[in-house]
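Undergrad: Got a file for you: model-v7.pdb, PDB, C-alpha atoms and all ligand atoms.
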ATOM      1  CA  MET C 762       0.000   0.000   0.000
ATOM      2  CA  LYS C 763       1.321   3.469  -0.864
ATOM      3  CA  ILE C 764       1.994   5.826   2.089
ATOM      4  CA  LYS C 765      -0.794   8.172   0.882
ATOM      5  CA  SER C 766      -3.411   5.383   0.954
ATOM      6  CA  PHE C 767      -2.121   4.169   4.346
ATOM      7  CA  LEU C 768      -2.550   7.626   5.867
ATOM      8  CA  ILE C 769      -6.049   8.000   4.432
ATOM      9  CA  VAL C 770      -7.035   4.588   5.888
ATOM     10  CA  LEU C 771      -5.488   5.500   9.249
ATOM     11  CA  PHE C 772      -7.288   8.838   9.245
ATOM     12  CA  SER C 773     -10.689   7.381   8.366
ATOM     13  CA  THR C 774     -10.287   4.705  11.083
ATOM     14  CA  THR C 775      -9.644   7.399  13.690
ATOM     15  CA  LEU C 776     -12.637   9.405  12.500
ATOM     16  CA  PHE C 777     -14.880   6.345  12.746
ATOM     17  CA  SER C 778     -13.831   5.487  16.296
ATOM     18  CA  PHE C 779     -14.776   8.997  17.488
ATOM     19  CA  ALA C 780     -18.190   8.785  15.812
ATOM     20  CA  ALA C 781     -18.828   5.303  17.183
ATOM     21  CA  GLU C 782     -18.667   6.680  20.706
ATOM     22  CA  GLY C 783     -21.588   9.006  19.888
ATOM     23  CA  GLU C 784     -19.466  12.136  20.229
ATOM     24  CA  SER C 785     -20.065  15.038  17.912
ATOM     25  CA  VAL C 786     -16.496  15.855  17.074
ATOM     26  CA  GLU C 787     -15.294  18.023  14.287
ATOM     27  CA  VAL C 788     -12.030  16.627  13.062
ATOM     28  CA  LYS C 789     -10.082  18.735  10.606
ATOM     29  CA  ALA C 790      -7.675  16.901   8.367
ATOM     30  CA  ALA C 791      -4.113  18.148   8.643
ATOM     31  CA  PRO C 792      -3.659  19.308   5.047
ATOM     32  CA  ASP C 793      -0.052  18.224   4.789
ATOM     33  CA  VAL C 794      -0.883  14.714   5.982
ATOM     34  CA  VAL C 795      -4.246  13.811   4.429
ATOM     35  CA  LYS C 796      -4.935  15.288   1.026
ATOM     36  CA  GLU C 797      -8.344  14.895  -0.554
ATOM     37  CA  SER C 798      -8.118  13.211  -3.947
ATOM     38  CA  GLN C 799      -8.026  15.665  -6.810
ATOM     39  CA  GLY C 800     -10.005  13.181  -8.900
ATOM     40  CA  THR C 801      -9.397   9.877 -10.616
ATOM     41  CA  VAL C 802      -7.055   9.543 -13.577
ATOM     42  CA  LEU C 803      -6.761   6.427 -15.713
ATOM     43  CA  ILE C 804      -3.673   6.145 -17.929
ATOM     44  CA  THR C 805      -3.196   3.315 -20.445
ATOM     45  CA  GLY C 806       0.238   1.844 -21.188
ATOM     46  CA  ALA C 807       1.453   3.264 -17.882
ATOM     47  CA  ASN C 808       4.154   0.716 -17.084
ATOM     48  CA  ARG C 809       6.958   2.593 -18.877
ATOM     49  CA  GLY C 810       7.842   5.716 -20.853
ATOM     50  CA  LEU C 811       5.516   8.709 -20.898
ATOM     51  CA  GLY C 812       2.627   6.853 -19.231
ATOM     52  CA  LEU C 813       4.728   5.945 -16.207
ATOM     53  CA  GLU C 814       5.994   9.506 -15.820
ATOM     54  CA  LEU C 815       2.503  11.008 -16.156
ATOM     55  CA  SER C 816       1.205   8.524 -13.548
ATOM     56  CA  ARG C 817       4.026   9.555 -11.226
ATOM     57  CA  GLN C 818       3.200  13.252 -11.592
ATOM     58  CA  PHE C 819      -0.558  12.888 -11.098
ATOM     59  CA  ALA C 820      -0.012  10.640  -8.053
ATOM     60  CA  ALA C 821       2.459  13.103  -6.514
ATOM     61  CA  ASP C 822      -0.198  15.784  -6.808
ATOM     62  CA  GLY C 823      -2.864  13.844  -4.890
ATOM     63  CA  TYR C 824      -4.887  12.310  -7.721
ATOM     64  CA  HIS C 825      -6.169   8.755  -7.476
ATOM     65  CA  VAL C 826      -4.165   7.105 -10.255
ATOM     66  CA  ILE C 827      -5.216   3.941 -12.073
ATOM     67  CA  GLY C 828      -2.405   2.786 -14.327
ATOM     68  CA  THR C 829      -2.973   0.013 -16.826
ATOM     69  CA  ALA C 830      -0.418  -2.397 -18.212
ATOM     70  CA  ARG C 831      -0.541  -5.427 -20.477
ATOM     71  CA  SER C 832       1.379  -7.395 -17.834
ATOM     72  CA  PRO C 833       0.575  -5.873 -14.426
ATOM     73  CA  GLU C 834       2.703  -8.487 -12.645
ATOM     74  CA  LYS C 835       5.779  -7.040 -14.364
ATOM     75  CA  ALA C 836       4.819  -3.384 -13.798
ATOM     76  CA  ILE C 837       7.091  -2.969 -10.765
ATOM     77  CA  GLU C 838       7.714   0.782 -11.097
ATOM     78  CA  LEU C 839       4.056   1.515 -11.790
ATOM     79  CA  LYS C 840       3.023  -0.338  -8.618
ATOM     80  CA  GLU C 841       5.235   2.035  -6.616
ATOM     81  CA  VAL C 842       3.445   5.014  -8.102
ATOM     82  CA  ALA C 843      -0.203   4.211  -8.861
ATOM     83  CA  ASP C 844      -3.082   3.571  -6.472
ATOM     84  CA  GLU C 845      -4.359   0.774  -8.683
ATOM     85  CA  VAL C 846      -2.653  -1.230 -11.427
ATOM     86  CA  LEU C 847      -5.047  -3.009 -13.761
ATOM     87  CA  ALA C 848      -4.569  -5.252 -16.795
ATOM     88  CA  LEU C 849      -5.367  -3.838 -20.219
ATOM     89  CA  ASP C 850      -4.452  -4.752 -23.754
ATOM     90  CA  VAL C 851      -6.138  -2.015 -25.804
ATOM     91  CA  THR C 852      -6.469  -4.334 -28.827
ATOM     92  CA  SER C 853      -8.522  -6.947 -26.961
ATOM     93  CA  ASP C 854     -12.287  -6.683 -26.399
ATOM     94  CA  GLU C 855     -12.035  -9.269 -23.605
ATOM     95  CA  SER C 856      -9.404  -7.212 -21.842
ATOM     96  CA  ILE C 857     -11.466  -4.019 -22.168
ATOM     97  CA  LYS C 858     -14.484  -5.887 -20.749
ATOM     98  CA  GLY C 859     -12.376  -7.000 -17.790
ATOM     99  CA  LEU C 860     -11.284  -3.421 -17.140
ATOM    100  CA  SER C 861     -14.891  -2.122 -17.266
ATOM    101  CA  ALA C 862     -15.940  -4.842 -14.819
ATOM    102  CA  ALA C 863     -13.085  -4.048 -12.430
ATOM    103  CA  LEU C 864     -14.043  -0.367 -12.459
ATOM    104  CA  LYS C 865     -17.831  -0.787 -12.216
ATOM    105  CA  GLY C 866     -19.395   2.203 -10.445
ATOM    106  CA  GLN C 867     -16.133   4.153 -10.172
ATOM    107  CA  PRO C 868     -16.002   7.626 -11.759
ATOM    108  CA  ILE C 869     -13.126   8.486 -14.093
ATOM    109  CA  ASP C 870     -12.375  12.214 -14.311
ATOM    110  CA  ILE C 871      -9.386  12.032 -16.651
ATOM    111  CA  LEU C 872      -8.804   9.265 -19.177
ATOM    112  CA  VAL C 873      -5.422   9.361 -20.911
ATOM    113  CA  HIS C 874      -5.063   7.118 -23.954
ATOM    114  CA  ASN C 875      -1.297   6.844 -23.889
ATOM    115  CA  ALA C 876      -0.609   3.247 -25.008
ATOM    116  CA  GLY C 877       1.111   3.361 -28.370
ATOM    117  CA  TYR C 878       2.914   1.180 -30.884
ATOM    118  CA  PHE C 879       5.445   2.429 -33.433
ATOM    119  CA  GLY C 880       6.049  -0.781 -35.357
ATOM    120  CA  PRO C 881       8.464  -3.691 -35.167
ATOM    121  CA  THR C 882      11.501  -1.435 -35.356
ATOM    122  CA  GLN C 883      10.552   1.080 -32.647
ATOM    123  CA  GLY C 884      12.180   4.501 -32.660
ATOM    124  CA  LEU C 885      11.073   7.735 -34.300
ATOM    125  CA  GLY C 886      13.303   9.310 -36.931
ATOM    126  CA  SER C 887      16.295   7.099 -36.208
ATOM    127  CA  GLU C 888      18.287   4.461 -38.052
ATOM    128  CA  ARG C 889      15.987   2.021 -36.334
ATOM    129  CA  ASP C 890      12.882   2.977 -38.304
ATOM    130  CA  LYS C 891      14.429   2.146 -41.710
ATOM    131  CA  SER C 892      12.367  -0.996 -42.077
ATOM    132  CA  SER C 893       9.185   1.055 -42.043
ATOM    133  CA  THR C 894       9.982   2.268 -45.566
ATOM    134  CA  LEU C 895       7.567   1.370 -48.363
ATOM    135  CA  LYS C 896       9.776  -1.480 -49.617
ATOM    136  CA  ALA C 897      10.045  -3.162 -46.229
ATOM    137  CA  LEU C 898       6.569  -2.372 -44.912
ATOM    138  CA  THR C 899       4.283  -5.287 -44.084
ATOM    139  CA  ARG C 900       0.497  -5.419 -43.859
ATOM    140  CA  SER C 901       0.724  -6.559 -40.243
ATOM    141  CA  GLU C 902       2.751  -3.479 -39.266
ATOM    142  CA  VAL C 903       0.017  -1.198 -40.623
ATOM    143  CA  LEU C 904      -2.814  -3.183 -39.034
ATOM    144  CA  ASP C 905      -1.061  -3.548 -35.674
ATOM    145  CA  CYS C 906      -0.425   0.206 -35.494
ATOM    146  CA  PHE C 907      -4.084   0.798 -36.285
ATOM    147  CA  ALA C 908      -5.260  -1.689 -33.668
ATOM    148  CA  VAL C 909      -3.264  -0.029 -30.875
ATOM    149  CA  ASN C 910      -3.112   3.651 -31.835
ATOM    150  CA  ALA C 911      -6.422   4.264 -33.634
ATOM    151  CA  ALA C 912      -8.953   1.582 -32.646
ATOM    152  CA  GLY C 913      -7.549   1.257 -29.108
ATOM    153  CA  PRO C 914      -8.664   4.690 -27.820
ATOM    154  CA  ILE C 915     -12.097   4.327 -29.446
ATOM    155  CA  PHE C 916     -12.907   0.957 -27.864
ATOM    156  CA  VAL C 917     -11.369   1.736 -24.462
ATOM    157  CA  THR C 918     -13.493   4.907 -24.370
ATOM    158  CA  GLN C 919     -16.554   2.874 -25.351
ATOM    159  CA  GLY C 920     -15.901   0.417 -22.508
ATOM    160  CA  LEU C 921     -15.556   3.208 -19.952
ATOM    161  CA  ILE C 922     -18.597   5.361 -20.900
ATOM    162  CA  PRO C 923     -20.424   4.654 -17.587
ATOM    163  CA  ASN C 924     -17.321   5.670 -15.594
ATOM    164  CA  LEU C 925     -16.779   8.844 -17.613
ATOM    165  CA  LYS C 926     -20.424   9.838 -17.191
ATOM    166  CA  LYS C 927     -20.058   9.533 -13.409
ATOM    167  CA  SER C 928     -17.589  12.436 -13.480
ATOM    168  CA  LYS C 929     -18.907  16.022 -13.356
ATOM    169  CA  GLN C 930     -16.983  16.744 -16.533
ATOM    170  CA  ALA C 931     -14.600  14.068 -17.757
ATOM    171  CA  LYS C 932     -11.508  14.859 -19.824
ATOM    172  CA  ILE C 933     -10.505  12.358 -22.478
ATOM    173  CA  VAL C 934      -6.989  12.889 -23.755
ATOM    174  CA  VAL C 935      -5.511  10.970 -26.661
ATOM    175  CA  ILE C 936      -1.723  11.065 -26.755
ATOM    176  CA  SER C 937      -1.238  11.483 -30.475
ATOM    177  CA  SER C 938       1.766  12.706 -32.458
ATOM    178  CA  ARG C 939       2.803  15.468 -34.825
ATOM    179  CA  SER C 940       3.654  12.654 -37.228
ATOM    180  CA  GLY C 941      -0.101  12.365 -37.858
ATOM    181  CA  ILE C 942      -0.316  15.911 -39.295
ATOM    182  CA  ILE C 943      -1.050  15.516 -43.001
ATOM    183  CA  ASN C 944       0.425  18.838 -44.143
ATOM    184  CA  GLN C 945       3.714  18.316 -42.325
ATOM    185  CA  THR C 946       5.129  15.479 -44.399
ATOM    186  CA  ARG C 947       8.758  16.020 -45.312
ATOM    187  CA  SER C 948      10.055  12.440 -45.447
ATOM    188  CA  ALA C 949       8.702   8.968 -46.190
ATOM    189  CA  GLY C 950       8.512   6.008 -43.837
ATOM    190  CA  ALA C 951       6.674   4.868 -40.697
ATOM    191  CA  TYR C 952       3.480   4.407 -42.721
ATOM    192  CA  GLY C 953       1.597   2.394 -40.113
ATOM    193  CA  TYR C 954       2.418   4.667 -37.201
ATOM    194  CA  ARG C 955       1.772   7.916 -39.016
ATOM    195  CA  ILE C 956      -1.534   7.001 -40.615
ATOM    196  CA  SER C 957      -2.780   5.511 -37.349
ATOM    197  CA  LYS C 958      -2.091   8.813 -35.577
ATOM    198  CA  THR C 959      -3.905  10.720 -38.342
ATOM    199  CA  ALA C 960      -6.830   8.334 -37.898
ATOM    200  CA  VAL C 961      -6.984   8.743 -34.136
ATOM    201  CA  ASN C 962      -6.989  12.513 -34.559
ATOM    202  CA  ARG C 963     -10.100  12.103 -36.690
ATOM    203  CA  ALA C 964     -11.637   9.957 -33.953
ATOM    204  CA  VAL C 965     -10.903  12.678 -31.382
ATOM    205  CA  LYS C 966     -12.801  15.212 -33.449
ATOM    206  CA  ILE C 967     -15.774  12.861 -33.782
ATOM    207  CA  MET C 968     -15.791  11.841 -30.098
ATOM    208  CA  SER C 969     -15.686  15.503 -29.108
ATOM    209  CA  VAL C 970     -19.224  15.946 -30.449
ATOM    210  CA  ASP C 971     -20.549  12.512 -29.491
ATOM    211  CA  LYS C 972     -23.519  12.816 -27.132
ATOM    212  CA  ALA C 973     -22.786   9.344 -25.746
ATOM    213  CA  LEU C 974     -19.922  10.986 -23.864
ATOM    214  CA  GLY C 975     -22.121  13.613 -22.201
ATOM    215  CA  ASN C 976     -20.254  16.846 -21.503
ATOM    216  CA  SER C 977     -16.784  15.240 -21.654
ATOM    217  CA  ILE C 978     -13.930  17.275 -23.114
ATOM    218  CA  VAL C 979     -12.059  15.268 -25.766
ATOM    219  CA  VAL C 980      -8.690  16.428 -27.119
ATOM    220  CA  ALA C 981      -5.576  15.144 -28.881
ATOM    221  CA  VAL C 982      -2.170  16.032 -27.437
ATOM    222  CA  ALA C 983       1.253  15.604 -29.059
ATOM    223  CA  PRO C 984       3.916  15.117 -26.377
ATOM    224  CA  GLY C 985       6.928  16.199 -28.482
ATOM    225  CA  HIS C 986       9.934  13.980 -29.247
ATOM    226  CA  ASN C 987      10.879  12.345 -25.937
ATOM    227  CA  LYS C 988      13.629  10.079 -24.702
ATOM    228  CA  THR C 989      11.735   6.810 -24.200
ATOM    229  CA  ASP C 990      11.977   3.340 -25.750
ATOM    230  CA  MET C 991       9.875   4.686 -28.617
ATOM    231  CA  GLY C 992      11.473   8.114 -28.912
ATOM    232  CA  GLY C 993      15.070   6.857 -28.710
ATOM    233  CA  ASP C 994      18.177   8.524 -27.282
ATOM    234  CA  ARG C 995      18.379  11.351 -29.800
ATOM    235  CA  ALA C 996      15.171  12.935 -28.538
ATOM    236  CA  LYS C 997      15.623  16.389 -27.007
ATOM    237  CA  LEU C 998      12.809  16.244 -24.463
ATOM    238  CA  THR C 999      12.715  14.258 -21.252
ATOM    239  CA  PRO C1000       9.433  12.669 -20.087
ATOM    240  CA  GLU C1001       9.685  14.698 -16.827
ATOM    241  CA  VAL C1002       9.557  18.039 -18.668
ATOM    242  CA  SER C1003       7.045  17.025 -21.320
ATOM    243  CA  MET C1004       4.624  15.339 -18.928
ATOM    244  CA  GLN C1005       4.740  18.261 -16.476
ATOM    245  CA  LYS C1006       3.451  20.477 -19.290
ATOM    246  CA  VAL C1007       0.936  17.893 -20.481
ATOM    247  CA  LYS C1008      -0.416  17.543 -16.933
ATOM    248  CA  SER C1009      -0.929  21.329 -16.642
ATOM    249  CA  LEU C1010      -2.542  21.393 -20.071
ATOM    250  CA  ILE C1011      -4.979  18.638 -19.060
ATOM    251  CA  GLU C1012      -5.818  20.326 -15.755
ATOM    252  CA  GLY C1013      -6.610  23.598 -17.469
ATOM    253  CA  LEU C1014      -8.791  22.141 -20.253
ATOM    254  CA  THR C1015     -12.161  23.785 -20.825
ATOM    255  CA  GLN C1016     -14.972  23.019 -23.252
ATOM    256  CA  LYS C1017     -13.564  25.750 -25.541
ATOM    257  CA  GLN C1018     -10.484  23.608 -26.180
ATOM    258  CA  ALA C1019     -12.455  20.435 -26.938
ATOM    259  CA  GLY C1020     -12.093  18.748 -30.321
ATOM    260  CA  ARG C1021      -8.727  20.355 -30.962
ATOM    261  CA  PHE C1022      -5.100  19.213 -31.220
ATOM    262  CA  TRP C1023      -2.587  20.543 -28.682
ATOM    263  CA  TYR C1024       1.190  20.437 -28.484
ATOM    264  CA  TYR C1025       2.653  19.619 -25.061
ATOM    265  CA  ASN C1026       3.705  23.266 -24.587
ATOM    266  CA  GLY C1027       0.143  24.569 -24.982
ATOM    267  CA  GLU C1028       0.358  25.648 -28.659
ATOM    268  CA  GLU C1029      -2.456  24.546 -30.930
ATOM    269  CA  LEU C1030      -1.501  22.184 -33.779
ATOM    270  CA  PRO C1031      -3.135  21.800 -37.194
ATOM    271  CA  TRP C1032      -4.730  18.446 -38.061
TER     272      TRP C1032
HETATM  273  N1  LIG C1101       8.312   9.170 -27.234
HETATM  274  C1  LIG C1101       8.055  10.025 -28.199
HETATM  275  O1  LIG C1101       8.947  10.722 -28.694
HETATM  276  C2  LIG C1101       6.631  10.191 -28.703
HETATM  277  C3  LIG C1101       6.398  11.185 -29.675
HETATM  278  C4  LIG C1101       5.096  11.365 -30.146
HETATM  279  C5  LIG C1101       4.071  10.610 -29.622
HETATM  280  N2  LIG C1101       4.339   9.642 -28.677
HETATM  281  C6  LIG C1101       3.200   8.860 -28.167
HETATM  282  O2  LIG C1101       3.214   8.850 -26.751
HETATM  283  C7  LIG C1101       2.670   7.625 -26.260
HETATM  284  C8  LIG C1101       3.651   6.979 -25.282
HETATM  285  O3  LIG C1101       4.876   6.778 -25.957
HETATM  286  P1  LIG C1101       6.219   6.266 -25.236
HETATM  287  O4  LIG C1101       7.336   6.995 -25.873
HETATM  288  O5  LIG C1101       6.060   6.272 -23.778
HETATM  289  O6  LIG C1101       6.246   4.741 -25.778
HETATM  290  P2  LIG C1101       6.914   3.445 -25.160
HETATM  291  O7  LIG C1101       8.013   3.767 -24.248
HETATM  292  O8  LIG C1101       7.184   2.556 -26.336
HETATM  293  O9  LIG C1101       5.694   2.795 -24.302
HETATM  294  C9  LIG C1101       4.550   2.369 -24.962
HETATM  295  C10 LIG C1101       3.531   1.906 -23.939
HETATM  296  O10 LIG C1101       2.369   1.476 -24.659
HETATM  297  C11 LIG C1101       2.044   0.158 -24.224
HETATM  298  N3  LIG C1101       1.363  -0.637 -25.255
HETATM  299  C12 LIG C1101       1.793  -0.998 -26.483
HETATM  300  N4  LIG C1101       0.882  -1.768 -27.072
HETATM  301  C13 LIG C1101      -0.156  -1.911 -26.202
HETATM  302  C14 LIG C1101      -1.394  -2.605 -26.229
HETATM  303  N5  LIG C1101      -1.775  -3.365 -27.278
HETATM  304  N6  LIG C1101      -2.215  -2.499 -25.149
HETATM  305  C15 LIG C1101      -1.846  -1.769 -24.075
HETATM  306  N7  LIG C1101      -0.678  -1.121 -23.976
HETATM  307  C16 LIG C1101       0.154  -1.200 -25.039
HETATM  308  C17 LIG C1101       3.387  -0.474 -23.861
HETATM  309  O11 LIG C1101       3.187  -1.629 -23.067
HETATM  310  P3  LIG C1101       4.277  -2.858 -23.043
HETATM  311  O12 LIG C1101       5.353  -2.430 -22.077
HETATM  312  O13 LIG C1101       3.489  -4.010 -22.583
HETATM  313  O14 LIG C1101       4.808  -2.998 -24.429
HETATM  314  C18 LIG C1101       4.013   0.701 -23.113
HETATM  315  O15 LIG C1101       3.494   0.775 -21.820
HETATM  316  C19 LIG C1101       2.380   6.767 -27.486
HETATM  317  O16 LIG C1101       1.021   6.883 -27.851
HETATM  318  C20 LIG C1101       3.252   7.399 -28.565
HETATM  319  O17 LIG C1101       2.760   7.172 -29.869
HETATM  320  C21 LIG C1101       5.587   9.423 -28.211
END
Could you render the structure from this file as structure tokens?
Ligand SMILES: NC(=O)c1ccc[n+]([C@@H]2O[C@H](COP(=O)([O-])OP(=O)(O)OC[C@H]3O[C@@H](n4cnc5c(N)ncnc54)[C@H](OP(=O)(O)O)[C@@H]3O)[C@@H](O)[C@H]2O)c1
TA:
Amino acid sequence: MKIKSFLIVLFSTTLFSFAAEGESVEVKAAPDVVKESQGTVLITGANRGLGLELSRQFAADGYHVIGTARSPEKAIELKEVADEVLALDVTSDESIKGLSAALKGQPIDILVHNAGYFGPTQGLGSERDKSSTLKALTRSEVLDCFAVNAAGPIFVTQGLIPNLKKSKQAKIVVISSRSGIINQTRSAGAYGYRISKTAVNRAVKIMSVDKALGNSIVVAVAPGHNKTDMGGDRAKLTPEVSMQKVKSLIEGLTQKQAGRFWYYNGEELPW
């Protein structure tokens, strides 16, 4: 159990024992010891990279963090950080059903679709992505990228509609990429990854006006080129810096920003 959860349990036990004795006692929480949850955040693909860092930052700020991983038993770092670690493969309907069942009745205030797949070579703009060229591209690379990056956020959102509607105003954030911007195409390659990010941007725009999601705010966010397994070592940004800005951006979102595409630093991006 994380220290934060332990203190909350300890505090509520103390409160209960006073009440049980029939005393009318007003107990004020010491703000530096017991912090009320800022809301519940669910982040997919949270066991490493940007998802792990974003989970860490939301948890440090008093949010109730649910991190998902394909193999929760191996998500050692995430378990240190998140309040709950749940299994989720975003390409599997069974897995999404299991997640919905595990979260039945629980509101979700912020849903971050972070899980992503670049292709068999991994690595943006490096020597490593050479096999994503037209000559080497395979059908399975394109379809796998679509299954994770484009269909994943749509079906995970679908599975969590009841939880999102339990929030006063849920925020649904798809971690997309500038590589999905159609008019910014200077080099070839990474077909599967890039078209799947373009597709998910389209889904964001559609979900942002979908009445099934109530008054939820739906946006796409590009995190910038980061040093992670996917981003590689040549990336200029660190997940700490990028996710700090993404967290602030998410916290400040209003309905006016819905259905739009944001860069991690708060600038608006074209589709
Ligand atoms: N890093 C960058 O420079 C960069 C730039 C632009 C956009 N992005 C986007 O930012 C997001 C996070 O990227 P990252 O750099 O942190 O990538 P990463 O280090 O490669 O991590 C990817 C995460 O996605 C999970 N994942 C992959 N397939 C999944 C599936 N079918 N179901 C559930 N989870 C799955 C992975 O889980 P496993 O550990 O089980 O594989 C891992 O947790 C992605 O959407 C990516 O496209 C990253």
Undergrad: Given the choices C:Thr801, C:Thr882, C:Thr852, C:Thr959, which gets closest to ligand LIG 1101 (chain C) if the distance is worked out from only C-alpha atoms and all ligand atoms?
TA: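 Counting only C-alpha atoms and all ligand atoms, the residue closest to ligand LIG 1101 (chain C) is C:Thr852.
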Undergrad: Which neighbours of C:Ser853 fall inside 12 Å, counting all atoms listed in the file, when residues of the same chain fewer than 6 positions from it are skipped, and could you give them as a PyMOL selection string?
TA: chain C and resi 831+859-860+905+908-909+912-914+916-917+920
Undergrad: If the limit is 6 Å from any atom of ligand LIG 1101 (chain C), counting all atoms listed in the file, which residues qualify? Return them as number ranges by chain.
TA: C: 806-812, 830-831, 849-852, 875-878, 909, 936-938, 983-992
Undergrad: For a test of reading the model, state the distance in Å between atom CA of C:Val873 and atom CA of C:Gln818, rounded to one decimal.
TA: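 For atom CA of C:Val873 relative to atom CA of C:Gln818, the distance reads 13.3 Å.
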Undergrad: Would you kindly translate the PyMOL selection byres (((chain C and resi 960-967) around 12) and not hetatm) into the concrete residues it picks from this file, as an mmCIF file with C-alpha atoms, in the coordinates of the input?
TA:
data_model
loop_
_atom_site.group_PDB
_atom_site.id
_atom_site.type_symbol
_atom_site.label_atom_id
_atom_site.label_comp_id
_atom_site.auth_asym_id
_atom_site.auth_seq_id
_atom_site.Cartn_x
_atom_site.Cartn_y
_atom_site.Cartn_z
ATOM 1 C CA HIS C 874 -5.063 7.118 -23.954
ATOM 2 C CA ASN C 875 -1.297 6.844 -23.889
ATOM 3 C CA GLY C 877 1.111 3.361 -28.370
ATOM 4 C CA CYS C 906 -0.425 0.206 -35.494
ATOM 5 C CA PHE C 907 -4.084 0.798 -36.285
ATOM 6 C CA ALA C 908 -5.260 -1.689 -33.668
ATOM 7 C CA VAL C 909 -3.264 -0.029 -30.875
ATOM 8 C CA ASN C 910 -3.112 3.651 -31.835
ATOM 9 C CA ALA C 911 -6.422 4.264 -33.634
ATOM 10 C CA ALA C 912 -8.953 1.582 -32.646
ATOM 11 C CA GLY C 913 -7.549 1.257 -29.108
ATOM 12 C CA PRO C 914 -8.664 4.690 -27.820
ATOM 13 C CA ILE C 915 -12.097 4.327 -29.446
ATOM 14 C CA PHE C 916 -12.907 0.957 -27.864
ATOM 15 C CA THR C 918 -13.493 4.907 -24.370
ATOM 16 C CA LYS C 932 -11.508 14.859 -19.824
ATOM 17 C CA ILE C 933 -10.505 12.358 -22.478
ATOM 18 C CA VAL C 934 -6.989 12.889 -23.755
ATOM 19 C CA VAL C 935 -5.511 10.970 -26.661
ATOM 20 C CA ILE C 936 -1.723 11.065 -26.755
ATOM 21 C CA SER C 937 -1.238 11.483 -30.475
ATOM 22 C CA SER C 938 1.766 12.706 -32.458
ATOM 23 C CA ARG C 939 2.803 15.468 -34.825
ATOM 24 C CA SER C 940 3.654 12.654 -37.228
ATOM 25 C CA GLY C 941 -0.101 12.365 -37.858
ATOM 26 C CA ILE C 942 -0.316 15.911 -39.295
ATOM 27 C CA ILE C 943 -1.050 15.516 -43.001
ATOM 28 C CA GLY C 953 1.597 2.394 -40.113
ATOM 29 C CA TYR C 954 2.418 4.667 -37.201
ATOM 30 C CA ARG C 955 1.772 7.916 -39.016
ATOM 31 C CA ILE C 956 -1.534 7.001 -40.615
ATOM 32 C CA SER C 957 -2.780 5.511 -37.349
ATOM 33 C CA LYS C 958 -2.091 8.813 -35.577
ATOM 34 C CA THR C 959 -3.905 10.720 -38.342
ATOM 35 C CA MET C 968 -15.791 11.841 -30.098
ATOM 36 C CA SER C 969 -15.686 15.503 -29.108
ATOM 37 C CA VAL C 970 -19.224 15.946 -30.449
ATOM 38 C CA ASP C 971 -20.549 12.512 -29.491
ATOM 39 C CA LYS C 972 -23.519 12.816 -27.132
ATOM 40 C CA ALA C 973 -22.786 9.344 -25.746
ATOM 41 C CA LEU C 974 -19.922 10.986 -23.864
ATOM 42 C CA SER C 977 -16.784 15.240 -21.654
ATOM 43 C CA ILE C 978 -13.930 17.275 -23.114
ATOM 44 C CA VAL C 979 -12.059 15.268 -25.766
ATOM 45 C CA VAL C 980 -8.690 16.428 -27.119
ATOM 46 C CA ALA C 981 -5.576 15.144 -28.881
ATOM 47 C CA VAL C 982 -2.170 16.032 -27.437
ATOM 48 C CA ALA C 983 1.253 15.604 -29.059
ATOM 49 C CA GLN C 1018 -10.484 23.608 -26.180
ATOM 50 C CA ALA C 1019 -12.455 20.435 -26.938
ATOM 51 C CA GLY C 1020 -12.093 18.748 -30.321
ATOM 52 C CA ARG C 1021 -8.727 20.355 -30.962
ATOM 53 C CA PHE C 1022 -5.100 19.213 -31.220
ATOM 54 C CA TRP C 1023 -2.587 20.543 -28.682
ATOM 55 C CA LEU C 1030 -1.501 22.184 -33.779
ATOM 56 C CA PRO C 1031 -3.135 21.800 -37.194
ATOM 57 C CA TRP C 1032 -4.730 18.446 -38.061
#
Undergrad: Return as a ChimeraX atom specification the set of residues that the PyMOL selection byres (((chain C and resi 921) around 10) and not hetatm) yields on the displayed structure.
TA: /C:857-858,860-862,864-865,867-869,872,916-920,922-926,974
Undergrad: Between atom CA of C:Asp870 and atom CA of C:Ser1009, what is the spacing in Å?
TA: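 Atom CA of C:Asp870 lies at a distance of 14.8 Å from atom CA of C:Ser1009.
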Undergrad: Determine the nearest neighbour of C:Ala836 from the options C:Leu895, C:Ala848, C:Lys997, C:Ser901, counting all atoms listed in the file.
TA: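 Checking each of C:Leu895, C:Ala848, C:Lys997, C:Ser901 against C:Ala836, counting all atoms listed in the file, the winner is C:Ala848.
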Undergrad: Enclose stretch 974-981 of chain C, meaning all of its atoms listed in the file, in a box aligned along x, y and z, pad it by 5 Å on each side, and list the centre and edge lengths in Å to one decimal, as JSON.
TA:
{"center_x": -13.8, "center_y": 14.1, "center_z": -25.2, "size_x": 26.5, "size_y": 16.3, "size_z": 17.4}
Undergrad: For C:Gln799, which residue out of C:Glu1012, C:Ala843, C:Gly1027, C:Pro881 is the nearest one, using all atoms listed in the file?
TA: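 Using all atoms listed in the file, C:Gln799 sits closest to C:Glu1012.
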Undergrad: Could you state the separation of atom CA of C:Glu841 and atom CA of C:Glu814 in Å, given to one decimal place?
TA: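 One can read the atom CA of C:Glu841 to atom CA of C:Glu814 distance as 11.9 Å.
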Undergrad: Could you tell me which residues the PyMOL selection byres (((chain C and resi 824) around 6) and not hetatm) grabs in this file, written as a JSON list (two decimals) with C-alpha atoms, keeping the file's coordinate frame?
TA:
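That gives us selection-v5.json:
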[["chain", "number", "residue", "atom", "x", "y", "z"],
["C", 798, "SER", "CA", -8.12, 13.21, -3.95],
["C", 799, "GLN", "CA", -8.03, 15.66, -6.81],
["C", 800, "GLY", "CA", -10.01, 13.18, -8.90],
["C", 801, "THR", "CA", -9.40, 9.88, -10.62],
["C", 819, "PHE", "CA", -0.56, 12.89, -11.10],
["C", 820, "ALA", "CA", -0.01, 10.64, -8.05],
["C", 822, "ASP", "CA", -0.20, 15.78, -6.81],
["C", 823, "GLY", "CA", -2.86, 13.84, -4.89],
["C", 825, "HIS", "CA", -6.17, 8.76, -7.48],
["C", 826, "VAL", "CA", -4.16, 7.10, -10.26]]
